[in-house]
Each structure stands twice: as structure tokens, then as C-alpha cells.
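Okay, target28.txt now, which holds compact mmCIF, C-alpha atoms:
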```txt
# COMPACT_ATOMS: atom_id res chain seq x y z
CA MET G 11 118.00 102.38 87.11
CA LYS G 12 116.57 99.45 85.14
CA VAL G 13 113.10 98.56 86.43
CA ALA G 14 110.96 95.52 85.56
CA ILE G 15 107.29 95.24 86.51
CA TYR G 16 105.18 92.07 86.71
CA THR G 17 101.42 92.69 86.66
CA LEU G 18 98.77 90.33 87.97
CA GLY G 19 95.01 90.79 87.84
CA CYS G 20 92.58 93.11 86.15
CA LYS G 21 92.73 95.84 83.51
CA VAL G 22 92.89 98.49 86.22
CA ASN G 23 96.13 96.95 87.46
CA GLN G 24 97.42 96.91 83.87
CA TYR G 25 96.47 100.55 83.50
CA GLU G 26 98.23 101.54 86.71
CA THR G 27 101.34 99.60 85.70
CA GLN G 28 101.46 101.61 82.46
CA ALA G 29 101.09 104.82 84.45
CA MET G 30 103.92 103.84 86.80
CA GLU G 31 106.11 102.94 83.82
CA GLN G 32 105.48 106.37 82.28
CA GLU G 33 106.45 108.09 85.51
CA LEU G 34 109.61 105.95 85.81
CA ARG G 35 110.64 106.89 82.28
CA ARG G 36 109.90 110.54 82.96
CA ARG G 37 112.28 110.38 85.91
CA GLY G 38 115.05 108.93 83.72
CA HIS G 39 114.72 105.21 84.46
CA GLU G 40 114.60 102.40 81.92
CA VAL G 41 111.69 99.94 81.94
CA VAL G 42 112.90 96.47 80.94
CA PRO G 43 111.29 93.02 80.54
CA PHE G 44 110.67 91.12 83.76
CA SER G 45 112.44 88.07 82.38
CA GLY G 46 115.77 89.89 82.07
CA ASP G 47 118.26 91.59 84.35
CA ALA G 48 117.14 94.68 86.25
CA ASP G 49 118.16 96.81 89.21
CA ALA G 50 114.63 96.72 90.64
CA TYR G 51 111.75 94.26 90.26
CA VAL G 52 108.18 95.30 91.01
CA VAL G 53 105.19 92.99 91.50
CA ASN G 54 101.86 94.72 90.97
CA SER G 55 99.76 92.21 92.88
CA CYS G 56 96.20 90.93 92.79
CA SER G 57 94.09 89.63 95.66
CA VAL G 58 90.78 88.70 94.06
CA THR G 59 91.20 85.09 95.25
CA ALA G 60 93.53 83.14 97.54
CA VAL G 61 95.14 81.75 94.38
CA SER G 62 95.97 85.33 93.34
CA ASP G 63 97.66 85.89 96.69
CA GLN G 64 99.71 82.74 96.17
CA LYS G 65 100.79 83.80 92.68
CA SER G 66 101.91 87.18 94.02
CA ARG G 67 104.01 85.51 96.71
CA GLN G 68 105.51 83.05 94.23
CA VAL G 69 106.69 85.83 91.92
CA VAL G 70 108.28 87.70 94.82
CA HIS G 71 110.04 84.56 96.07
CA ARG G 72 111.37 83.82 92.59
CA VAL G 73 112.75 87.34 92.18
CA ARG G 74 114.48 87.29 95.56
CA ARG G 75 115.98 83.88 94.78
CA GLU G 76 117.16 84.70 91.25
CA HIS G 77 118.14 88.35 91.81
CA PRO G 78 119.23 88.65 95.46
CA ASP G 79 121.06 91.95 94.92
CA ALA G 80 118.18 93.72 93.18
CA VAL G 81 115.61 95.94 94.86
CA THR G 82 112.33 94.07 95.25
CA ALA G 83 109.00 95.88 95.57
CA ILE G 84 105.35 94.91 95.77
CA CYS G 85 102.26 97.04 95.35
CA GLY G 86 98.59 96.49 94.56
CA CYS G 87 95.62 94.76 96.14
CA TYR G 88 97.47 91.95 97.96
CA SER G 89 99.76 94.30 99.84
CA GLN G 90 96.81 96.62 100.54
CA THR G 91 94.65 93.89 102.12
CA HIS G 92 97.28 91.55 103.60
CA LEU G 93 99.98 93.84 104.89
CA GLU G 94 101.17 91.52 107.67
CA ASP G 95 101.61 88.61 105.25
CA VAL G 96 103.47 90.81 102.76
CA ARG G 97 105.86 92.07 105.45
CA LYS G 98 107.03 88.47 105.89
CA LEU G 99 108.23 88.41 102.26
CA GLY G 100 111.19 90.62 103.15
CA VAL G 101 110.88 93.04 100.23
CA ASP G 102 112.48 96.48 100.07
CA LEU G 103 109.31 98.42 99.26
CA ILE G 104 105.67 97.74 100.15
CA ALA G 105 103.01 99.99 98.62
CA GLY G 106 99.24 99.53 98.36
CA THR G 107 96.70 100.61 95.77
CA GLY G 108 96.85 104.34 96.50
CA ASP G 109 99.17 107.16 95.49
CA ARG G 110 100.50 105.37 92.41
CA GLY G 111 101.96 108.61 91.12
CA ARG G 112 104.45 108.61 93.99
CA PHE G 113 105.54 105.02 93.50
CA ALA G 114 108.62 105.89 91.41
CA GLU G 115 109.86 108.23 94.15
CA LEU G 116 109.37 105.52 96.79
CA LEU G 117 111.26 103.02 94.64
CA GLU G 118 114.15 105.47 94.29
CA GLN G 119 114.18 105.89 98.06
CA ALA G 120 114.29 102.13 98.65
CA ALA G 121 117.12 101.74 96.13
CA ALA G 122 119.17 104.59 97.60
CA GLU G 123 118.76 103.76 101.29
CA ARG G 124 118.47 99.95 101.05
CA GLN G 125 116.20 100.15 104.04
CA PRO G 126 112.61 98.84 104.00
CA VAL G 127 110.07 101.43 102.83
CA GLU G 128 106.34 101.05 103.51
CA TRP G 129 103.55 103.21 102.09
CA VAL G 130 100.07 101.72 102.65
CA ASP G 131 97.13 103.96 103.59
CA ASP G 132 93.61 103.21 104.83
CA SER G 133 91.76 102.62 101.57
CA LEU G 134 88.32 103.13 103.13
CA LYS G 135 89.21 106.77 103.91
CA ARG G 136 90.04 107.72 100.32
CA ARG G 137 87.86 110.44 98.82
CA GLN G 138 89.80 111.78 95.81
CA PHE G 139 90.36 110.18 92.42
CA GLU G 140 94.04 109.99 91.52
CA VAL G 141 94.46 111.09 87.92
CA LEU G 142 97.18 108.99 86.30
CA PRO G 143 98.59 109.28 82.77
CA ALA G 144 96.54 107.27 80.28
CA GLY G 145 97.96 105.22 77.46
CA GLY G 146 98.75 101.80 76.07
CA MET G 147 101.71 99.55 75.57
CA GLU G 148 104.16 100.43 72.80
CA SER G 149 102.98 99.44 69.31
CA ARG G 150 99.44 98.93 70.55
CA THR G 151 96.47 100.48 68.81
CA ARG G 152 94.21 100.45 71.85
CA ALA G 153 94.59 102.56 74.99
CA MET G 154 92.90 102.32 78.37
CA LEU G 155 91.41 105.28 80.17
CA LYS G 156 90.72 104.77 83.87
CA VAL G 157 87.82 106.99 84.90
CA GLU G 158 86.79 105.47 88.24
CA ASP G 159 88.21 103.69 91.26
CA GLY G 160 86.65 101.92 94.22
CA CYS G 161 83.47 99.95 94.85
CA VAL G 162 80.78 99.91 97.55
CA ASN G 163 78.78 96.87 96.41
CA PHE G 164 80.35 94.49 98.98
CA CYS G 165 79.46 91.25 97.22
CA THR G 166 79.90 88.39 99.66
CA TYR G 167 82.69 86.74 97.65
CA CYS G 168 84.74 89.89 96.98
CA ILE G 169 87.48 91.69 98.88
CA ILE G 170 87.98 94.49 96.35
CA PRO G 171 86.01 97.19 98.25
CA TYR G 172 88.56 96.80 101.05
CA ALA G 173 91.46 96.88 98.60
CA ARG G 174 90.24 99.89 96.61
CA GLY G 175 88.03 101.88 98.96
CA PRO G 176 84.88 103.85 98.11
CA VAL G 177 83.87 105.11 94.67
CA ARG G 178 85.95 108.01 93.29
CA SER G 179 85.32 109.40 89.82
CA GLU G 180 87.66 111.18 87.46
CA PRO G 181 86.24 114.67 86.78
CA LEU G 182 84.66 114.83 83.35
CA GLU G 183 86.94 117.62 82.14
CA ASP G 184 90.06 115.62 83.09
CA ALA G 185 88.77 112.53 81.26
CA VAL G 186 88.04 114.66 78.18
CA ALA G 187 91.54 116.15 78.25
CA GLN G 188 93.14 112.71 78.50
CA THR G 189 90.95 111.44 75.67
CA LYS G 190 92.05 114.27 73.39
CA GLN G 191 95.69 113.52 74.19
CA LEU G 192 95.28 109.82 73.44
CA ALA G 193 93.67 110.69 70.11
CA ALA G 194 96.56 113.04 69.33
CA ASP G 195 99.01 110.23 70.21
CA GLY G 196 97.49 108.09 67.46
CA TYR G 197 95.34 105.61 69.37
CA ARG G 198 92.31 104.47 67.39
CA GLU G 199 90.38 102.87 70.25
CA ILE G 200 89.96 103.73 73.93
CA VAL G 201 88.70 101.28 76.55
CA ILE G 202 86.93 103.02 79.41
CA THR G 203 87.91 101.16 82.53
CA GLY G 204 87.71 101.28 86.32
CA ILE G 205 86.87 99.08 89.27
CA GLU G 206 83.13 99.72 88.85
CA ILE G 207 82.58 102.23 86.04
CA SER G 208 78.79 102.00 86.39
CA SER G 209 79.21 104.05 89.57
CA TRP G 210 81.00 106.89 87.78
CA GLY G 211 79.73 110.25 89.03
CA LYS G 212 77.74 109.01 92.03
CA GLU G 213 79.87 110.75 94.65
CA LEU G 214 80.20 113.95 92.58
CA LYS G 215 76.54 114.70 93.30
CA ASN G 216 76.21 116.98 90.26
CA GLY G 217 73.67 114.91 88.36
CA GLN G 218 76.25 113.42 85.99
CA SER G 219 76.29 109.69 85.28
CA LEU G 220 78.19 107.30 83.03
CA ILE G 221 76.16 108.19 79.94
CA ASP G 222 77.07 111.89 80.36
CA LEU G 223 80.74 110.94 80.49
CA LEU G 224 80.39 108.66 77.50
CA GLU G 225 78.74 111.37 75.39
CA ALA G 226 81.48 113.84 76.29
CA LEU G 227 84.31 111.43 75.44
CA CYS G 228 82.79 110.33 72.13
CA ALA G 229 82.36 113.98 71.13
CA ALA G 230 85.91 114.87 72.22
CA ALA G 231 87.47 112.31 69.85
CA PRO G 232 85.01 111.48 67.05
CA GLN G 233 87.75 109.70 65.04
CA VAL G 234 88.40 107.27 67.92
CA ARG G 235 86.10 104.41 68.82
CA PHE G 236 85.22 103.74 72.44
CA ARG G 237 84.63 100.49 74.26
CA LEU G 238 83.09 100.17 77.71
CA GLY G 239 84.54 97.99 80.44
CA SER G 240 82.43 95.79 82.71
CA LEU G 241 79.00 97.21 83.54
CA GLU G 242 76.57 96.65 86.40
CA PRO G 243 73.31 95.46 84.76
CA ARG G 244 71.24 98.22 86.38
CA THR G 245 73.20 100.76 84.32
CA ILE G 246 71.28 99.63 81.25
CA THR G 247 68.08 101.67 81.20
CA GLU G 248 65.88 102.91 78.38
CA GLU G 249 67.47 106.37 78.64
CA PHE G 250 71.00 104.99 78.67
CA CYS G 251 70.35 102.92 75.54
CA ARG G 252 68.53 105.74 73.74
CA ARG G 253 71.44 108.14 74.26
CA ALA G 254 74.21 105.57 73.74
CA SER G 255 72.72 104.14 70.53
CA VAL G 256 73.27 107.40 68.61
CA LEU G 257 76.99 107.57 69.48
CA GLU G 258 78.52 106.44 66.20
CA ASN G 259 81.96 105.75 67.68
CA LEU G 260 80.70 103.62 70.59
CA CYS G 261 81.39 99.90 70.12
CA PRO G 262 78.23 97.79 70.55
CA GLN G 263 79.88 95.37 72.94
CA PHE G 264 78.58 95.29 76.50
CA HIS G 265 80.03 93.21 79.31
CA LEU G 266 77.25 92.77 81.87
CA SER G 267 78.49 91.02 84.98
CA LEU G 268 76.08 88.15 85.84
CA GLN G 269 77.85 85.67 88.21
CA SER G 270 74.71 83.49 88.55
CA GLY G 271 71.42 82.97 86.73
CA CYS G 272 69.59 81.91 89.90
CA ASP G 273 67.89 84.46 92.14
CA ALA G 274 68.60 82.53 95.35
CA THR G 275 72.31 82.38 94.53
CA LEU G 276 72.40 86.05 93.53
CA LYS G 277 70.90 86.90 96.92
CA ARG G 278 73.62 84.92 98.73
CA MET G 279 76.18 86.77 96.62
CA ASN G 280 74.62 90.10 97.68
CA ARG G 281 74.29 91.14 94.05
CA LYS G 282 72.05 94.18 93.58
CA TYR G 283 69.79 92.76 90.85
CA ASP G 284 67.76 89.65 90.10
CA THR G 285 67.44 87.67 86.88
CA ALA G 286 64.36 89.64 85.79
CA ARG G 287 66.26 92.92 85.96
CA TYR G 288 69.25 91.39 84.24
CA LEU G 289 67.14 90.05 81.39
CA GLN G 290 65.56 93.47 81.01
CA SER G 291 69.05 94.90 80.41
CA VAL G 292 69.78 92.29 77.75
CA GLU G 293 66.48 92.95 75.99
CA LEU G 294 67.02 96.74 76.06
CA LEU G 295 70.44 96.38 74.45
CA ARG G 296 69.03 94.19 71.69
CA LYS G 297 66.19 96.67 71.15
CA TRP G 298 68.47 99.69 70.67
CA PHE G 299 71.55 98.12 69.05
CA ASP G 300 71.93 95.93 65.96
CA ARG G 301 73.23 92.50 67.05
CA PRO G 302 75.21 93.80 70.03
CA ALA G 303 77.83 91.52 71.56
CA ILE G 304 76.73 90.84 75.13
CA THR G 305 79.38 89.14 77.23
CA THR G 306 79.45 88.18 80.89
CA ASP G 307 81.16 86.51 83.87
CA LEU G 308 79.83 83.42 85.64
CA ILE G 309 80.84 81.77 88.92
CA THR G 310 80.00 78.08 89.25
CA GLY G 311 79.77 76.18 92.52
CA PHE G 312 79.16 79.22 94.71
CA PRO G 313 78.67 78.14 98.35
CA GLU G 314 75.40 76.25 98.92
CA GLU G 315 74.57 76.17 95.19
CA THR G 316 72.33 73.15 94.56
CA GLU G 317 72.06 71.21 91.32
CA GLU G 318 68.59 72.71 90.84
CA GLU G 319 69.98 76.23 91.25
CA PHE G 320 72.73 75.53 88.75
CA SER G 321 70.16 74.15 86.30
CA GLU G 322 68.32 77.47 86.64
CA THR G 323 71.55 79.23 85.75
CA LEU G 324 72.08 77.10 82.65
CA ALA G 325 68.54 77.82 81.48
CA PHE G 326 68.98 81.52 82.10
CA ILE G 327 72.26 81.92 80.21
CA ARG G 328 70.71 80.03 77.31
CA ARG G 329 67.86 82.53 77.36
CA CYS G 330 70.29 85.47 77.35
CA GLY G 331 72.27 84.08 74.41
CA PHE G 332 75.67 85.49 75.32
CA THR G 333 78.32 86.16 72.70
CA GLN G 334 81.11 85.09 75.06
CA MET G 335 81.43 84.10 78.70
CA HIS G 336 84.23 84.08 81.26
CA ILE G 337 83.49 81.12 83.53
CA PHE G 338 85.20 80.55 86.88
CA PRO G 339 84.71 77.81 89.48
CA TYR G 340 84.19 79.59 92.80
CA SER G 341 87.46 80.20 94.63
CA ILE G 342 87.45 80.96 98.34
CA ARG G 343 88.53 84.47 99.25
CA PRO G 344 89.41 84.34 102.99
CA GLY G 345 88.03 87.33 104.87
CA THR G 346 84.76 87.50 102.93
CA PRO G 347 81.30 86.33 104.11
CA ALA G 348 81.13 83.65 101.40
CA ALA G 349 84.22 81.96 102.84
CA LYS G 350 82.16 81.11 105.94
CA MET G 351 79.31 79.53 103.98
CA THR G 352 78.96 75.81 103.24
CA GLN G 353 81.38 75.06 100.43
CA ILE G 354 80.86 72.96 97.30
CA HIS G 355 83.37 70.21 96.51
CA LYS G 356 86.02 71.20 93.97
CA SER G 357 85.06 68.44 91.54
CA ILE G 358 81.44 69.65 91.46
CA LYS G 359 82.49 73.27 90.89
CA GLU G 360 84.74 72.25 88.01
CA GLU G 361 82.14 69.91 86.48
CA ARG G 362 79.58 72.70 86.51
CA ALA G 363 82.11 75.04 84.93
CA ARG G 364 82.63 72.55 82.09
CA ARG G 365 78.89 72.27 81.49
CA ALA G 366 78.51 76.04 81.41
CA ALA G 367 81.53 76.35 79.10
CA ASN G 368 80.03 73.87 76.66
CA LEU G 369 76.84 75.89 76.47
CA ALA G 370 78.83 79.14 76.17
CA ALA G 371 80.75 77.68 73.22
CA GLN G 372 77.49 76.80 71.46
CA MET G 373 76.12 80.32 71.95
CA GLN G 374 79.37 81.88 70.76
CA ARG G 375 79.34 79.75 67.61
CA GLU G 376 75.73 80.77 66.89
CA TYR G 377 76.68 84.44 67.22
CA LEU G 378 79.75 84.06 65.00
CA ASP G 379 77.80 82.18 62.34
CA GLY G 380 75.39 85.11 62.29
CA CYS G 381 78.29 87.45 61.47
CA VAL G 382 79.02 85.75 58.13
CA GLY G 383 77.95 88.03 55.30
CA GLN G 384 78.02 91.11 57.55
CA GLU G 385 80.38 94.04 57.09
CA TYR G 386 82.38 95.55 59.96
CA THR G 387 84.95 98.29 60.37
CA VAL G 388 87.93 96.41 61.81
CA LEU G 389 90.80 97.95 63.78
CA PHE G 390 93.86 95.94 62.69
CA GLU G 391 96.56 95.27 65.24
CA GLN G 392 99.12 92.59 64.35
CA PRO G 393 100.02 89.67 62.07
CA ARG G 394 98.87 86.27 63.30
CA ASP G 395 99.34 82.85 61.68
CA GLY G 396 100.11 84.31 58.27
CA LEU G 397 97.09 86.64 58.33
CA PHE G 398 96.55 90.14 59.73
CA ALA G 399 94.32 90.26 62.79
CA GLY G 400 92.19 92.96 64.32
CA HIS G 401 88.90 93.41 66.14
CA ALA G 402 85.44 94.33 64.93
CA PRO G 403 83.32 96.76 66.99
CA ASN G 404 81.73 93.71 68.67
CA TYR G 405 85.27 92.75 69.81
CA THR G 406 85.32 89.58 67.74
CA GLU G 407 88.73 88.90 66.23
CA VAL G 408 88.82 89.22 62.44
CA ARG G 409 91.64 88.01 60.16
CA VAL G 410 92.29 88.83 56.51
CA ARG G 411 94.92 87.86 53.93
CA ASN G 412 96.67 91.19 53.46
CA GLY G 413 99.97 92.89 54.16
CA GLU G 414 100.75 95.57 56.72
CA LEU G 415 97.54 96.92 58.26
CA HIS G 416 98.71 97.92 61.74
CA ASN G 417 96.53 100.60 63.38
CA GLN G 418 94.29 100.91 60.32
CA LEU G 419 90.50 100.97 60.43
CA ARG G 420 89.28 99.09 57.35
CA ARG G 421 85.91 97.86 56.16
CA VAL G 422 85.76 94.05 56.02
CA ARG G 423 83.16 91.63 54.70
CA ILE G 424 82.99 88.46 56.81
CA THR G 425 83.30 85.29 54.75
CA GLY G 426 83.66 82.52 57.32
CA VAL G 427 84.38 81.33 60.86
CA GLU G 428 87.45 79.47 62.11
CA GLY G 429 87.28 78.54 65.78
CA GLU G 430 86.57 81.75 67.68
CA THR G 431 87.80 83.95 64.81
CA LEU G 432 86.01 85.53 61.89
CA LEU G 433 87.64 85.38 58.44
CA GLY G 434 87.06 88.18 55.97
CA GLU G 435 88.15 90.18 52.98
CA LEU G 436 88.80 93.89 52.70
CA LYS G 437 86.18 95.92 50.92
```

Step by step, read the file and then write its structure as C-alpha cells.
Amino acid sequence: MKVAIYTLGCKVNQYETQAMEQELRRRGHEVVPFSGDADAYVVNSCSVTAVSDQKSRQVVHRVRREHPDAVTAICGCYSQTHLEDVRKLGVDLIAGTGDRGRFAELLEQAAAERQPVEWVDDSLKRRQFEVLPAGGMESRTRAMLKVEDGCVNFCTYCIIPYARGPVRSEPLEDAVAQTKQLAADGYREIVITGIEISSWGKELKNGQSLIDLLEALCAAAPQVRFRLGSLEPRTITEEFCRRASVLENLCPQFHLSLQSGCDATLKRMNRKYDTARYLQSVELLRKWFDRPAITTDLITGFPEETEEEFSETLAFIRRCGFTQMHIFPYSIRPGTPAAKMTQIHKSIKEERARRAANLAAQMQREYLDGCVGQEYTVLFEQPRDGLFAGHAPNYTEVRVRNGELHNQLRRVRITGVEGETLLGELK
């Protein structure tokens, strides 16, 4: 059977799509591009905002219109949290966010019986981490390793705890085994990912935390470099930095989720830190690492945000000096407490996003300018615009004028900046 999968949303969804593709291939099926002809089309959905829900529905409608004889399936966060709405789409298979290893079997059942199949559990009752095969897309140099699932933070704007359930951690020995296999498969970089990786180990109650996992993985594959996914700011302590700073294959790029630089707004968001604690994390990273890249997310126009509160946010992000920012105007997620708060007009949300983006661009340029004259070990990935492109440990793209460098780690001296890219020459 030819199967095509369309993935919306976060890196965890991308990871789980790769795992499902591996299982489909293992069972003798062919994974084909979504734009072509297939016997079955799968939408791995996202539900982080109402817009995400809409995109998931649109893809399903398009598939059913253009390929009426094919099997149509949907899985992921949208089907997990909005089962009644998804049933109205008339697909052949509905699955949620759990038991991804069984998805291929369910798809085979739907194709054979041509009767609707539904497999959606109660996510809040999950207690075990589902170990899925790790890996990356073909020809990629970077693999993802999912080590955690679930979240119990219950931010007022977020539905993900209901979509993913409580925190479940991959046992350390399983993560080490997968890391060794990825290294043997030729990957040169591994991204440690999950819904909330800062919570890794909490439910295991054996004293292990994320830094213990990180030390074990870095030791298991010393020839591979490791990059952390999004971190909760409270993860960054003196002990964490002291132990992490001596890991030679850990990339000094840290994505600390911020969302707002105003304490009153953070409280309405039900975030578990204030700006003082966040700034402490930033200062600790700069104390223990040499020019680390500190990146973040920001939501503008959160319900009830005043102009004064947003001005506080602008001042705070300037103080943090981020390398890069992902900025989003607040989008209502029905079913969350924030959806019931007093909303900000769309034009104000977008105008604030533009102001924040302008400041973010200035800070990024300052960081990039500071890279000129530095030397980095770059993992090269693919040709781009007549040059060969890769990423430095700080995750900044670097381009050089050389031939085939795919999957090579090479020392590069940075000679200039072009847009958001560093230009360099091989040492």
C-alpha cells in the first residue's frame, strides 16, 4: 500500500510521523509524497490554536475531494481533543496521540474493511512512555530523539496537557540505546525533543533529572553533538550549568520559553516563573557558556495586555538580548481559560508583534555581527544558493564556497554576515 503523511505542528509531531513511516516500511508499505497518488492519506494534526484545527480540516477536505477512493486517516492532537468535530469529517480512521506504534496496523484494518476505525484513548490516564523508533528524514544529518511526552503546566492559553496527558519519560537506558543506534546510523547531531523535556524524570521518582539524561547521552555518543529542545526557564540552575558546560558535544544553544516579559501577564498565563527568575537563567547561561545562543518564544496581545505591560515586555527582551525570537500574535484556543478573558483587537496584537519583531531583528544582527572573526565547527547539510550550508553549534546557518560537504563537521572561520546567515571559509 502506498501511504502519504501530512504533518502539522511541532517537532514531536514530526518525530512521531517519522516513527510511523518506519513502522509502515517495516510492514512492507511504501511511503510516498503527499502531493502524489497514494492508496492512503494520513493527516497528523495539530491543535495548538483554532487556526491549527482549521488547517487540519482543510487538508482532510482536500484529500477527500481529490482522492475520493483512497483511505483517509487523521491522528494527532486535533483528533485527540476534538473527537466529535473530527467524526464529522467522514474519514476512515481516527486515532489520537497515543499508541503510535499501532497506527500502521489500524490503517491496514481501515483499508481492508473499508469501515470506520476509531482508536482514541483518555490521554489524562496515560502513565507509560511509548518508545518509538528514533531517526531523521532521508539524507538528513540531524536526527530527533523524543525522550518525554506530556505536560502538567496547564498554561491558560494551552490545550496540550489535554491532548498529550501527564508527563511520561523515556527510561534513561532506552534513550542511551537509541542514541548509540543513531550514531551507528551516521547521524552527526541529535536534537533532544519532547512536549516538555524540562520535566524529564519527574514521575520516575529515582532522583534523575534532565542533566543526568544529558550527561548519559553525551557520553554514549561522544562523536555526535547534541542540541536541546525548548526548556522551561527554571531548569537552568547553577548545578545544571556547571555540569552541562563541561559536555564538549553539547551545543550552546538554549531555547528558553518566555511568552511575556511582564509579570502581570505571566501570572494571567499561569506561567511558573517571573521575569526575575527568567533573567537569572539567562545570566547563568552567559556565566557558564561562551556567547551562548539564547532563543525564545513570545506571545503578543495576550488577553488584557495593556500598552504599559507590552512596553515592559519590550524592555525586558532588550535586556535579555536574545539571539533569535519566534513571535506570535495571541490566537484564541477555545476550551482554555484565556479564551474567556477580555480579548485584544487583532490589529493591536499584530502591531505589537511587528514592534517586537523589529527589536528581535536588531538583537539578532548584533549577535551575528559578534560572530565575525570567530571559529566554529559547522555541520554541513546541503547546497544553497551556490554555496554549501550548515549550522554552527549556536544553530546559526553558515555558508561557504566549497564543493560537496554533506554530513561533514568542518572548522570554519566566520568572515561576514548576509541577512540571517553567516559567511565563512574553511580552515

Tell me which protein, DNA and RNA residues are within 6 Å of range 79-90 of chain G, counting only C-alpha atoms, leaving out same-chain ones fewer than 4 positions away, and put them as a list in words.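 My list of contacting residues is Asp49, Ala50, Tyr51, Val52, Val53, Asn54, Ser55, Cys56, Ser57, Val96, Val101, Asp102, Leu103, Ile104, Ala105, Gly106, Thr107 and Ala173 of chain G.
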
File dump, residues just selected, C-alpha atoms, as a tab-separated table (two decimals), in the frame of the given file:
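What ended up in out22.tsv:
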```tsv
chain	number	residue	atom	x	y	z
G	49	ASP	CA	118.16	96.81	89.21
G	50	ALA	CA	114.63	96.72	90.64
G	51	TYR	CA	111.75	94.26	90.26
G	52	VAL	CA	108.18	95.30	91.01
G	53	VAL	CA	105.19	92.99	91.50
G	54	ASN	CA	101.86	94.72	90.97
G	55	SER	CA	99.76	92.21	92.88
G	56	CYS	CA	96.20	90.93	92.79
G	57	SER	CA	94.09	89.63	95.66
G	96	VAL	CA	103.47	90.81	102.76
G	101	VAL	CA	110.88	93.04	100.23
G	102	ASP	CA	112.48	96.48	100.07
G	103	LEU	CA	109.31	98.42	99.26
G	104	ILE	CA	105.67	97.74	100.15
G	105	ALA	CA	103.01	99.99	98.62
G	106	GLY	CA	99.24	99.53	98.36
G	107	THR	CA	96.70	100.61	95.77
G	173	ALA	CA	91.46	96.88	98.60
```

Listing only residues of range 189-237 of chain G within 8 Å of range 147-163 of chain G, what is the closest atom pair and its distance in Å (to one decimal) for each, using all atoms listed in the file, sorted by chain and residue number ascending, as CSV?
```
residue,atom,partner,partner_atom,distance
G:Thr189,CA,G:Leu155,CA,7.6
G:Leu192,CA,G:Ala153,CA,7.5
G:Gly196,CA,G:Thr151,CA,7.8
G:Tyr197,CA,G:Thr151,CA,5.3
G:Arg198,CA,G:Thr151,CA,5.9
G:Glu199,CA,G:Arg152,CA,4.8
G:Ile200,CA,G:Ala153,CA,4.9
G:Val201,CA,G:Met154,CA,4.7
G:Ile202,CA,G:Leu155,CA,5.1
G:Thr203,CA,G:Lys156,CA,4.8
G:Gly204,CA,G:Glu158,CA,4.7
G:Ile205,CA,G:Asp159,CA,5.2
G:Glu206,CA,G:Cys161,CA,6.0
G:Ile207,CA,G:Glu158,CA,5.7
G:Ser209,CA,G:Glu158,CA,7.8
G:Trp210,CA,G:Glu158,CA,6.0
```

With all atoms listed in the file as the atoms that count, which of G:Ala348, G:Leu99, G:Leu224, G:Cys272 lies nearest to Phe320 in chain G? G:Cys272

When you look at Ala366 in chain G with a cut-off of 8 Å (counting all atoms listed in the file), what residues show up, excluding the ones that are within fewer than 3 positions of it in the same chain? I need them as a PDB file with C-alpha atoms, in the coordinates of the input.
```
ATOM      1  CA  LEU G 324      72.080  77.100  82.650  1.00  0.00           C
ATOM      2  CA  ILE G 337      83.490  81.120  83.530  1.00  0.00           C
ATOM      3  CA  ARG G 362      79.580  72.700  86.510  1.00  0.00           C
ATOM      4  CA  ALA G 363      82.110  75.040  84.930  1.00  0.00           C
ATOM      5  CA  LEU G 369      76.840  75.890  76.470  1.00  0.00           C
ATOM      6  CA  ALA G 370      78.830  79.140  76.170  1.00  0.00           C
TER       7      ALA G 370
END
```

Polymer residues at most 10 Å from range 373-386 of chain G, only C-alpha atoms, same-chain spacing of 3 or more positions, as an NGL selection string: :G and (301-303 or 305 or 327-328 or 330-335 or 367-370 or 389 or 401-404 or 406 or 408 or 419-437)

Mind checking which residues fall within 10 Å of Arg110 in chain G, counting all atoms listed in the file, ignoring those fewer than 5 positions away in the same chain, and posting them as a list in words? Glu26, Thr27, Ala29, Met30, Glu33, Cys85, Gly86, Ala105, Glu115, Leu116, Glu140, Val141 and Leu142 of chain G

Residue among G:Ile246, G:Val292, G:Val410, G:Ala144 lying closest to Ser219 in chain G, counting only C-alpha atoms: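 That would be G:Ile246, the residue with the smallest distance to Ser219 in chain G.
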
Calculate, to one decimal in Å, the centre and edge lengths of the box along x, y and z of the file that holds all listed atoms of range 423-426 of chain G with 5 Å of margin on each side, and present them as JSON.
```
{"center_x": 83.3, "center_y": 87.1, "center_z": 56.0, "size_x": 10.7, "size_y": 19.1, "size_z": 12.6}
```

For CA of Ser341 in chain G and CA of Val130 in chain G, the interatomic separation in Å (one decimal): 26.2 Å

In Å, how far is it from CA of Leu182 in chain G to CA of Leu220 in chain G? 9.9 Å

Selected residue of minimal separation from Arg252 in chain G among G:Arg409, G:His39, G:Arg329, G:Arg296, counting only C-alpha atoms: G:Arg296

Separation of CA of Thr17 in chain G and CA of Val58 in chain G, in Å?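 Result for CA of Thr17 in chain G versus CA of Val58 in chain G: 13.6 Å, one decimal.
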
Smallest atom-to-atom distance to Phe312 in chain G: which of G:Arg35, G:Gln263, G:Tyr405, G:Tyr167, using all atoms listed in the file?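 Of G:Arg35, G:Gln263, G:Tyr405, G:Tyr167, the one nearest Phe312 in chain G, counting all atoms listed in the file, is G:Tyr167.
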
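For Asp47 in chain G, the list of residues within 9 Å, based on only C-alpha atoms and with local chain neighbours fewer than 6 positions off taken out, reads Lys12, Val13, Ala14 and His77 of chain G.
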
Convert the current residue selection to file output with C-alpha atoms, as a JSON list (two decimals), in the coordinates of the input.
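And here is the file that came out, out01.json:
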```json
[["chain", "number", "residue", "atom", "x", "y", "z"],
["G", 12, "LYS", "CA", 116.57, 99.45, 85.14],
["G", 13, "VAL", "CA", 113.10, 98.56, 86.43],
["G", 14, "ALA", "CA", 110.96, 95.52, 85.56],
["G", 77, "HIS", "CA", 118.14, 88.35, 91.81]]
```

Min atom-atom distance to Arg281 in chain G from the set G:Ala193, G:Ala371, G:Cys168, G:Ala114, counting only C-alpha atoms, belongs to G:Cys168

Scan for residues within 7 Å of the point (88.4, 91.9, 101.2) in the coordinates of the file, using all atoms listed in the file, and reply as a list of chain:residue names. G:Thr91, G:Cys168, G:Ile169, G:Ile170, G:Pro171, G:Tyr172, G:Ala173, G:Gly345, G:Thr346

Kindly complete range 258-263 of chain G to N, CA, C and O atoms; the output should be written as a compact mmCIF listing (two decimals), in the coordinates of the input.
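Once everything was written out, this is rebuild.txt:
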```
# COMPACT_ATOMS: atom_id res chain seq x y z
N GLU G 258 78.03 107.25 67.32
CA GLU G 258 78.52 106.44 66.20
C GLU G 258 79.86 105.78 66.48
O GLU G 258 80.18 104.77 65.87
N ASN G 259 80.65 106.34 67.40
CA ASN G 259 81.96 105.75 67.68
C ASN G 259 81.96 104.92 68.96
O ASN G 259 83.03 104.59 69.49
N LEU G 260 80.79 104.53 69.46
CA LEU G 260 80.70 103.62 70.59
C LEU G 260 80.57 102.19 70.08
O LEU G 260 79.68 101.89 69.28
N CYS G 261 81.45 101.30 70.54
CA CYS G 261 81.39 99.90 70.12
C CYS G 261 80.20 99.20 70.78
O CYS G 261 80.01 99.30 72.00
N PRO G 262 79.41 98.48 70.00
CA PRO G 262 78.23 97.79 70.55
C PRO G 262 78.58 96.47 71.21
O PRO G 262 78.05 95.42 70.87
N GLN G 263 79.51 96.54 72.15
CA GLN G 263 79.88 95.37 72.94
C GLN G 263 79.72 95.73 74.41
O GLN G 263 80.28 96.72 74.88
```
